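Colleague: File start20.cif below, mmCIF, C-alpha atoms and all ligand atoms:
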data_upload
#
loop_
_atom_site.label_atom_id
_atom_site.label_comp_id
_atom_site.auth_asym_id
_atom_site.auth_seq_id
_atom_site.Cartn_x
_atom_site.Cartn_y
_atom_site.Cartn_z
CA MET P 1 125.03 159.64 134.52
CA SER P 2 123.73 156.23 135.51
CA VAL P 3 120.71 154.33 134.29
CA ASP P 4 118.74 151.56 135.93
CA ILE P 5 117.03 149.29 133.44
CA GLN P 6 115.28 145.96 133.98
CA TRP P 7 113.24 144.03 131.40
CA TYR P 8 111.76 140.59 132.00
CA PRO P 9 108.18 140.64 130.71
CA GLY P 10 105.88 137.62 131.12
CA HIS P 11 106.43 136.39 127.59
CA MET P 12 110.12 135.76 128.33
CA ALA P 13 109.33 133.55 131.31
CA LYS P 14 106.83 131.74 129.08
CA THR P 15 109.42 131.27 126.34
CA LYS P 16 111.84 129.85 128.88
CA ARG P 17 109.21 127.32 130.00
CA GLU P 18 108.56 126.37 126.38
CA LEU P 19 112.27 125.95 125.76
CA ARG P 20 112.49 123.57 128.67
CA GLU P 21 109.59 121.54 127.25
CA ASN P 22 111.15 121.38 123.77
CA LEU P 23 114.63 120.55 125.00
CA PRO P 24 114.30 116.74 124.76
CA VAL P 25 114.06 116.91 120.94
CA ILE P 26 116.96 119.35 120.53
CA ASP P 27 120.36 118.04 119.32
CA ILE P 28 122.32 121.27 119.30
CA VAL P 29 122.03 124.85 120.54
CA LEU P 30 123.05 127.86 118.47
CA GLU P 31 123.69 130.62 120.97
CA VAL P 32 123.65 133.99 119.23
CA ARG P 33 125.51 136.73 121.08
CA ASP P 34 126.09 140.33 120.01
CA ALA P 35 129.72 140.71 118.87
CA ARG P 36 129.82 144.14 120.55
CA ILE P 37 128.90 142.66 123.95
CA PRO P 38 129.73 138.93 124.03
CA THR P 39 129.76 138.85 127.84
CA THR P 40 126.68 140.95 128.48
CA SER P 41 124.60 139.23 125.79
CA HIS P 42 125.35 135.76 127.18
CA ASN P 43 122.30 134.52 129.05
CA ALA P 44 123.65 132.50 132.00
CA ASP P 45 120.10 131.62 133.01
CA LEU P 46 119.48 129.86 129.67
CA ALA P 47 123.00 128.45 129.50
CA GLU P 48 122.21 126.50 132.64
CA LEU P 49 119.05 125.14 131.01
CA VAL P 50 120.89 123.87 127.91
CA ALA P 51 124.06 122.85 129.72
CA ARG P 52 123.97 119.25 128.52
CA LYS P 53 123.62 120.04 124.81
CA PRO P 54 126.41 120.84 122.36
CA VAL P 55 126.52 124.62 121.82
CA ILE P 56 127.91 126.65 118.92
CA THR P 57 128.47 130.30 119.85
CA ILE P 58 127.73 132.84 117.15
CA LEU P 59 128.91 136.44 117.43
CA ALA P 60 126.42 138.33 115.27
CA LYS P 61 126.62 141.94 114.13
CA ALA P 62 130.39 141.53 113.74
CA ASP P 63 130.22 144.38 111.22
CA LEU P 64 129.47 146.71 114.15
CA ALA P 65 132.21 145.41 116.48
CA GLU P 66 135.96 146.03 116.48
CA GLU P 67 137.49 143.48 114.15
CA GLU P 68 140.58 142.57 116.17
CA THR P 69 138.59 142.18 119.37
CA THR P 70 136.11 139.88 117.63
CA LYS P 71 139.00 137.72 116.44
CA ALA P 72 140.33 137.59 119.99
CA TRP P 73 136.87 136.62 121.25
CA ILE P 74 136.60 133.73 118.80
CA LYS P 75 140.02 132.51 119.87
CA ALA P 76 139.18 132.81 123.57
CA LEU P 77 135.89 130.90 123.14
CA GLU P 78 137.48 128.17 121.03
CA ASN P 79 140.34 127.83 123.52
CA ASN P 80 137.68 127.01 126.08
CA GLY P 81 136.46 124.23 123.83
CA LEU P 82 133.42 126.08 122.49
CA PRO P 83 133.04 126.15 118.72
CA ALA P 84 132.50 129.82 117.83
CA VAL P 85 132.07 131.86 114.70
CA ALA P 86 131.59 135.55 113.94
CA VAL P 87 129.01 136.58 111.34
CA ASP P 88 127.78 139.68 109.58
CA LEU P 89 124.23 138.80 108.70
CA LYS P 90 123.78 141.90 106.57
CA THR P 91 126.19 140.48 103.99
CA GLY P 92 126.26 136.81 104.96
CA TRP P 93 129.95 136.89 105.89
CA GLY P 94 130.80 133.94 108.18
CA VAL P 95 127.59 132.01 107.48
CA ARG P 96 129.27 129.29 105.38
CA GLU P 97 131.80 128.76 108.17
CA LEU P 98 128.94 128.38 110.63
CA GLU P 99 127.23 125.91 108.34
CA ARG P 100 130.44 123.89 108.24
CA LYS P 101 130.52 123.78 112.05
CA ILE P 102 126.88 122.70 112.25
CA ARG P 103 127.50 119.92 109.70
CA ILE P 104 130.32 118.56 111.87
CA GLN P 105 127.81 118.21 114.72
CA GLN P 106 125.33 116.60 112.36
CA GLN P 107 127.87 113.97 111.37
CA ILE P 108 128.69 113.19 115.00
CA ILE P 109 125.02 112.70 115.78
CA SER P 110 124.35 110.64 112.64
CA GLN P 111 127.23 108.34 113.52
CA ARG P 112 125.89 107.93 117.03
CA LEU P 113 122.44 106.99 115.68
CA HIS P 114 124.03 104.64 113.18
CA ARG P 115 125.97 102.84 115.91
CA ARG P 116 122.71 102.25 117.76
CA GLY P 117 121.22 100.80 114.59
CA ARG P 118 118.91 103.76 114.09
CA GLN P 119 118.34 105.66 110.85
CA SER P 120 119.97 109.03 110.53
CA ARG P 121 117.63 112.01 110.49
CA SER P 122 117.95 115.76 110.15
CA LEU P 123 119.63 117.64 112.97
CA ARG P 124 117.39 119.68 115.26
CA GLY P 125 118.85 122.97 116.43
CA LEU P 126 117.56 125.59 118.84
CA VAL P 127 118.50 129.23 118.20
CA VAL P 128 118.65 131.33 121.37
CA GLY P 129 119.84 134.80 122.28
CA VAL P 130 118.84 138.17 123.64
CA PRO P 131 116.13 140.11 121.77
CA ASN P 132 117.05 141.71 118.43
CA VAL P 133 120.47 140.04 118.23
CA GLY P 134 119.78 138.53 114.79
CA LYS P 135 118.39 135.03 115.51
CA SER P 136 115.69 135.10 112.85
CA THR P 137 117.98 136.77 110.31
CA LEU P 138 120.52 134.02 110.92
CA ILE P 139 117.90 131.33 110.30
CA ASN P 140 116.86 133.05 107.06
CA ARG P 141 120.48 133.22 105.95
CA LEU P 142 121.00 129.52 106.59
CA ALA P 143 117.69 128.69 104.88
CA ASN P 144 118.36 131.02 101.95
CA ARG P 145 114.84 132.37 102.15
CA SER P 146 112.65 134.59 104.35
CA ALA P 147 111.18 131.91 106.54
CA ALA P 148 111.19 133.82 109.83
CA LYS P 149 110.00 137.36 110.47
CA THR P 150 112.75 139.89 111.30
CA GLY P 151 112.77 143.56 112.29
CA ALA P 152 114.75 146.38 113.83
CA LEU P 153 113.00 146.40 117.24
CA PRO P 154 113.35 143.76 119.98
CA GLY P 155 110.38 141.40 120.30
CA VAL P 156 109.69 140.72 116.61
CA THR P 157 109.49 136.93 116.98
CA ARG P 158 106.35 136.23 119.02
CA GLY P 159 106.13 132.47 119.21
CA LYS P 160 108.20 129.43 118.39
CA GLN P 161 108.59 128.32 114.78
CA TRP P 162 110.43 125.40 113.20
CA VAL P 163 112.25 126.21 109.96
CA ARG P 164 113.49 123.44 107.68
CA ILE P 165 116.88 123.88 106.04
CA GLY P 166 117.33 121.43 103.20
CA ASN P 167 116.97 117.85 104.33
CA TRP P 168 119.74 117.97 106.91
CA LEU P 169 118.71 120.59 109.45
CA GLN P 170 115.68 122.01 111.24
CA LEU P 171 115.98 125.11 113.38
CA LEU P 172 113.66 126.31 116.12
CA ASP P 173 113.29 130.09 116.20
CA VAL P 174 112.04 131.52 119.49
CA PRO P 175 111.53 135.01 120.93
CA GLY P 176 114.58 136.69 122.49
CA VAL P 177 115.02 135.97 126.18
CA LEU P 178 116.67 138.00 128.94
CA TRP P 179 116.84 137.10 132.63
CA PRO P 180 114.94 138.27 135.72
CA LYS P 181 117.46 140.73 137.15
CA PHE P 182 120.44 142.65 135.80
CA GLU P 183 122.83 142.79 138.71
CA GLU P 184 125.12 145.46 137.26
CA PRO P 185 123.75 148.78 135.96
CA GLN P 186 126.15 148.39 133.04
CA THR P 187 124.25 145.33 131.83
CA GLY P 188 120.99 147.17 131.19
CA PHE P 189 122.88 150.07 129.68
CA TYR P 190 124.85 147.94 127.20
CA LEU P 191 121.75 145.95 126.23
CA ALA P 192 119.78 149.17 125.74
CA ILE P 193 122.31 150.94 123.53
CA THR P 194 122.82 147.87 121.35
CA GLY P 195 119.06 147.52 120.84
CA ALA P 196 118.16 144.45 122.92
CA ILE P 197 115.71 146.25 125.21
CA SER P 198 112.30 147.60 124.29
CA PRO P 199 112.46 151.41 123.97
CA ASP P 200 109.23 151.50 126.01
CA VAL P 201 110.99 150.55 129.23
CA PHE P 202 113.81 153.07 129.45
CA ASP P 203 114.29 156.81 129.38
CA TYR P 204 116.05 157.25 126.07
CA VAL P 205 117.33 160.73 126.88
CA ARG P 206 119.10 159.45 129.98
CA VAL P 207 120.47 156.42 128.13
CA SER P 208 121.62 158.53 125.20
CA ALA P 209 123.26 161.02 127.59
CA ALA P 210 125.11 158.14 129.24
CA LEU P 211 126.12 156.93 125.77
CA ALA P 212 127.43 160.41 124.94
CA GLU P 213 129.60 160.32 128.07
CA PHE P 214 130.78 156.83 127.25
CA LEU P 215 131.78 157.92 123.73
CA ARG P 216 133.49 161.03 125.05
CA ASN P 217 135.68 158.88 127.27
CA ARG P 218 136.25 156.10 124.80
CA ARG P 219 136.68 157.79 121.45
CA PRO P 220 135.96 161.54 121.58
CA GLU P 221 137.01 162.11 117.96
CA ALA P 222 134.11 159.92 116.82
CA LEU P 223 131.69 162.41 118.38
CA GLN P 224 133.70 165.42 117.31
CA ASP P 225 133.97 164.37 113.65
CA ARG P 226 130.44 163.14 113.19
CA TYR P 227 128.74 166.13 114.81
CA ASP P 228 131.30 168.77 113.97
CA LEU P 229 131.87 169.79 117.60
CA ASP P 230 134.70 172.17 118.51
CA SER P 231 134.97 170.83 122.01
CA ILE P 232 133.00 168.19 123.86
CA PRO P 233 131.29 169.13 127.11
CA LYS P 234 132.01 166.90 130.08
CA ASP P 235 128.49 165.70 130.88
CA GLY P 236 126.06 163.76 128.74
CA LEU P 237 123.15 166.19 128.53
CA PRO P 238 125.30 169.16 127.45
CA ILE P 239 126.86 166.89 124.79
CA LEU P 240 123.37 166.10 123.47
CA GLU P 241 122.60 169.84 123.53
CA ALA P 242 125.73 170.58 121.53
CA ILE P 243 124.78 167.92 118.96
CA GLY P 244 121.23 169.33 118.72
CA GLN P 245 122.57 172.85 118.36
CA ARG P 246 124.92 171.80 115.56
CA ARG P 247 122.12 169.99 113.75
CA GLY P 248 119.70 172.89 114.18
CA PHE P 249 117.26 170.82 116.28
CA LEU P 250 115.41 173.75 117.86
CA LEU P 251 112.10 173.94 119.69
CA SER P 252 109.67 176.81 119.01
CA GLY P 253 111.05 178.90 121.91
CA GLY P 254 114.55 178.62 120.48
CA SER P 255 115.92 176.07 122.97
CA VAL P 256 117.57 172.87 121.74
CA ASP P 257 115.42 169.79 121.14
CA VAL P 258 117.44 167.42 123.31
CA GLU P 259 115.07 164.50 122.73
CA LYS P 260 115.67 164.65 119.00
CA ALA P 261 119.44 164.78 119.52
CA ALA P 262 119.20 161.82 121.94
CA LEU P 263 117.35 159.70 119.37
CA LEU P 264 119.83 160.62 116.65
CA LEU P 265 122.86 159.64 118.73
CA LEU P 266 121.34 156.29 119.72
CA LYS P 267 120.31 155.52 116.15
CA GLU P 268 123.67 156.43 114.65
CA PHE P 269 125.58 154.50 117.30
CA ARG P 270 123.45 151.38 116.65
CA GLU P 271 123.90 151.64 112.90
CA GLY P 272 127.67 151.88 113.21
CA ILE P 273 127.79 155.39 111.77
CA LEU P 274 130.02 156.49 114.67
CA GLY P 275 132.37 153.59 113.97
CA ARG P 276 132.76 150.06 115.26
CA PHE P 277 132.64 149.62 119.02
CA THR P 278 133.20 146.59 121.22
CA LEU P 279 132.14 147.04 124.84
CA ASP P 280 133.03 143.65 126.35
CA PHE P 281 136.56 142.28 126.04
CA PRO P 282 137.75 138.69 126.24
CA PRO P 283 139.69 137.73 129.37
CA ASN P 284 143.06 137.58 127.58
CA LEU P 285 142.95 141.13 126.18
N1 LIG P 301 124.41 145.36 111.21
C1 LIG P 301 123.87 144.16 111.41
N2 LIG P 301 122.54 144.05 111.63
C2 LIG P 301 122.01 142.83 111.81
C3 LIG P 301 122.81 141.66 111.81
N3 LIG P 301 121.99 140.62 112.07
C4 LIG P 301 120.76 141.10 112.20
N4 LIG P 301 120.75 142.44 112.05
C5 LIG P 301 119.59 143.33 112.17
O1 LIG P 301 119.15 143.25 113.51
C6 LIG P 301 117.73 143.38 113.58
C7 LIG P 301 117.13 142.24 114.37
O2 LIG P 301 117.21 141.04 113.62
P1 LIG P 301 116.25 139.81 113.96
O3 LIG P 301 116.76 138.66 113.17
O4 LIG P 301 114.82 140.17 113.84
O5 LIG P 301 116.62 139.58 115.49
P2 LIG P 301 116.02 138.50 116.51
O6 LIG P 301 117.15 138.07 117.37
O7 LIG P 301 115.27 137.45 115.77
O8 LIG P 301 115.03 139.42 117.35
P3 LIG P 301 113.73 139.01 118.24
O9 LIG P 301 112.90 138.07 117.45
O10 LIG P 301 113.06 140.33 118.44
O11 LIG P 301 114.27 138.45 119.50
C8 LIG P 301 117.26 143.46 112.11
O12 LIG P 301 117.08 144.83 111.80
C9 LIG P 301 118.41 142.86 111.35
O13 LIG P 301 118.50 143.38 110.03
C10 LIG P 301 124.22 141.79 111.56
O14 LIG P 301 125.00 140.83 111.54
N5 LIG P 301 124.67 143.07 111.37
MG MG P 302 113.36 136.85 115.88
#
Could I get this file's structure written as structure tokens?

Modeller:
Amino acid sequence: MSVDIQWYPGHMAKTKRELRENLPVIDIVLEVRDARIPTTSHNADLAELVARKPVITILAKADLAEEETTKAWIKALENNGLPAVAVDLKTGWGVRELERKIRIQQQIISQRLHRRGRQSRSLRGLVVGVPNVGKSTLINRLANRSAAKTGALPGVTRGKQWVRIGNWLQLLDVPGVLWPKFEEPQTGFYLAITGAISPDVFDYVRVSAALAEFLRNRRPEALQDRYDLDSIPKDGLPILEAIGQRRGFLLSGGSVDVEKAALLLLKEFREGILGRFTLDFPPNL
């Protein structure tokens, strides 16, 4: 089952324009990627825009990704000269390490200002990433307070907002940004199942059926154990039907409520209830 998803609403183009305007005052970029899909959640369109700034790559939602693969990702990124750190923003794991990496950049910039006879000032960072990846949660973690609004659906941050972190750092929170066209069908699919795409723009039954097929191929026992299935049908829709049947999701006529099963599978996959999954692998794995 294949899905074709595109999502580039007007507010993303607007955010990109605003980013370009704000760029001159930015010292450093914090690029937040989803640890489950570090390739797919990298926005090449934005990367081009910020190409001349130092970037720290953050793999968020590491609690939902396969641990060994995340380690390999960090190694692969750092081998390419990109400082990178994995974080679990639910618990704060990795955040101190990130702070350490940001402080290194701050020192470099302070020294540069000092050499030019200018006073040092707080570092100005821009936090970018696809929708719902954890940008605002990351800022709140670094600030140790709820300065930026967060939420489970993509599109929670509506406009730009500067957040001050102590006297050494200011971070600019902006709405999540995607790019005008997903060339590969897999891109929209991966972004949809990890929660980066508005549920209004895709057919969740089709996406969930494709997810069921993906799980069947990748780790069938995860499906089998969670939903108590004796055997797993080959195609996505019959898998959703089997899940609905097992859960007793029935419509008034007695047929299975496939929509309810589809929502359940998507929700449980996103919450990590089916286990940790990484969908993009580093080049050396
Ligand atoms: N499991 C897990 N969930 C996380 C993590 N980081 C953030 N979340 C959750 O992901 C959702 C989105 O977080 P936000 O911080 O609002 O994401 P955002 O990137 O600012 O989203 P937009 O403003 O919509 O672009 C929230 O429900 C967070 O609780 C993480 O490391 N692990
Ligand atoms: Mg946000």

Colleague: Enter the distance from CA of Pro154 (chain P) to atom C2 of ligand LIG 301 (chain P), in Å, rounded to one decimal.

Modeller: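 So the answer is 11.9 Å.
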
Colleague: Taking only C-alpha atoms and all ligand atoms into account, list the residues no farther than 9 Å from ligand MG 302 (chain P), as a PyMOL selection string.

Modeller: chain P and resi 131-137+148-151+154-158+173-176

Colleague: Let me see the file: selected residues, C-alpha atoms, as a compact mmCIF listing (two decimals), keeping the file's coordinate frame.

Modeller:
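Once everything was written out, this is part.txt:
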# COMPACT_ATOMS: atom_id res chain seq x y z
CA PRO P 131 116.13 140.11 121.77
CA ASN P 132 117.05 141.71 118.43
CA VAL P 133 120.47 140.04 118.23
CA GLY P 134 119.78 138.53 114.79
CA LYS P 135 118.39 135.03 115.51
CA SER P 136 115.69 135.10 112.85
CA THR P 137 117.98 136.77 110.31
CA ALA P 148 111.19 133.82 109.83
CA LYS P 149 110.00 137.36 110.47
CA THR P 150 112.75 139.89 111.30
CA GLY P 151 112.77 143.56 112.29
CA PRO P 154 113.35 143.76 119.98
CA GLY P 155 110.38 141.40 120.30
CA VAL P 156 109.69 140.72 116.61
CA THR P 157 109.49 136.93 116.98
CA ARG P 158 106.35 136.23 119.02
CA ASP P 173 113.29 130.09 116.20
CA VAL P 174 112.04 131.52 119.49
CA PRO P 175 111.53 135.01 120.93
CA GLY P 176 114.58 136.69 122.49

Colleague: Find the residue from P:Asp235, P:Asp34, P:Glu78, P:Asp4 that sits nearest to ligand LIG 301 (chain P); use only C-alpha atoms and all ligand atoms when measuring.

Modeller: P:Asp34

Colleague: Any idea what the distance is between CA of Trp168 (chain P) and CA of Ser122 (chain P)?

Modeller: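 Value for the CA of Trp168 (chain P)-CA of Ser122 (chain P) distance: 4.3 Å.
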
Colleague: Within 10 Å of (127.2, 144.0, 132.0), all atoms listed in the file: residues as a list in words?

Modeller: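 Within 10 Å of (127.2, 144.0, 132.0), the protein and nucleic acid residues are Ile37, Pro38, Thr39, Thr40, Ser41, His42, Phe182, Glu183, Glu184, Pro185, Gln186, Thr187, Gly188, Phe189, Tyr190, Leu191, Leu279 and Asp280 of chain P.
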
Colleague: To one decimal place, how far is CA of Gly125 (chain P) from CA of Leu172 (chain P) in Å?

Modeller: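 Answer for the CA of Gly125 (chain P) to CA of Leu172 (chain P) separation: 6.2 Å.
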
Colleague: Leu274 (chain P): which residues within 12 Å, counting all atoms listed in the file, same-chain residues fewer than 4 positions away excluded, as a list in words?

Modeller: Leu64, Ala65, Leu211, Ala212, Leu215, Arg216, Arg218, Arg219, Pro220, Glu221, Ala222, Leu223, Gln224, Asp225, Arg226, Tyr227, Leu264, Leu265, Leu266, Lys267, Glu268, Phe269 and Arg270 of chain P

Colleague: Okay, now the selection with C-alpha atoms, as an mmCIF file, in the frame of the given file?

Modeller:
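Final output, saved to part14.cif:
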data_model
loop_
_atom_site.group_PDB
_atom_site.id
_atom_site.type_symbol
_atom_site.label_atom_id
_atom_site.label_comp_id
_atom_site.auth_asym_id
_atom_site.auth_seq_id
_atom_site.Cartn_x
_atom_site.Cartn_y
_atom_site.Cartn_z
ATOM 1 C CA LEU P 64 129.470 146.710 114.150
ATOM 2 C CA ALA P 65 132.210 145.410 116.480
ATOM 3 C CA LEU P 211 126.120 156.930 125.770
ATOM 4 C CA ALA P 212 127.430 160.410 124.940
ATOM 5 C CA LEU P 215 131.780 157.920 123.730
ATOM 6 C CA ARG P 216 133.490 161.030 125.050
ATOM 7 C CA ARG P 218 136.250 156.100 124.800
ATOM 8 C CA ARG P 219 136.680 157.790 121.450
ATOM 9 C CA PRO P 220 135.960 161.540 121.580
ATOM 10 C CA GLU P 221 137.010 162.110 117.960
ATOM 11 C CA ALA P 222 134.110 159.920 116.820
ATOM 12 C CA LEU P 223 131.690 162.410 118.380
ATOM 13 C CA GLN P 224 133.700 165.420 117.310
ATOM 14 C CA ASP P 225 133.970 164.370 113.650
ATOM 15 C CA ARG P 226 130.440 163.140 113.190
ATOM 16 C CA TYR P 227 128.740 166.130 114.810
ATOM 17 C CA LEU P 264 119.830 160.620 116.650
ATOM 18 C CA LEU P 265 122.860 159.640 118.730
ATOM 19 C CA LEU P 266 121.340 156.290 119.720
ATOM 20 C CA LYS P 267 120.310 155.520 116.150
ATOM 21 C CA GLU P 268 123.670 156.430 114.650
ATOM 22 C CA PHE P 269 125.580 154.500 117.300
ATOM 23 C CA ARG P 270 123.450 151.380 116.650
#

Colleague: Using all atoms listed in the file for the distances, tell me which of P:Val127, P:Leu98, P:Val29, P:Ala47 is nearest to ligand LIG 301 (chain P).

Modeller: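 Of the candidates, the smallest distance to ligand LIG 301 (chain P) is held by P:Val127.
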
Colleague: Taking into account all atoms listed in the file, which residue in the set P:Arg118, P:Arg141, P:Lys101, P:Lys71 is nearest to ligand LIG 301 (chain P)?

Modeller: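 The shortest atom-to-atom distance to ligand LIG 301 (chain P) comes from P:Arg141.
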
Colleague: Using only C-alpha atoms and all ligand atoms, which residue out of P:Ile102, P:Val50, P:Ala192, P:Ile197 lies closest to ligand LIG 301 (chain P)?

Modeller: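 Checking each candidate against ligand LIG 301 (chain P), we get P:Ile197 as the closest.
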
Colleague: Quick one: of P:Gly117, P:Trp179, P:Asp88, P:Asn79, who's nearest to His11 (chain P), counting all atoms listed in the file?

Modeller: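 Counting all atoms listed in the file, the residue closest to His11 (chain P) is P:Trp179.
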
Colleague: So, counting all atoms listed in the file, which residue among P:Ile193, P:Ala262, P:Ala143, P:Leu49 is closest to Phe277 (chain P)?

Modeller: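 Looking at the shortest contact to Phe277 (chain P), the residue is P:Ile193.
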
Colleague: Applying 10 Å and only C-alpha atoms, which residues near Asn284 (chain P) remain after dropping the ones on its own chain fewer than 6 positions away? List them as a PyMOL selection string.

Modeller: chain P and resi 72-73+75-76

Colleague: Determine, counting all atoms listed in the file, which protein, DNA and RNA residues have an atom within 10 Å of an atom of Val201 (chain P); residues of the same chain fewer than 5 positions away are not included. Present the result as JSON, numbers by chain.

Modeller: {"P": [5, 6, 7, 192]}
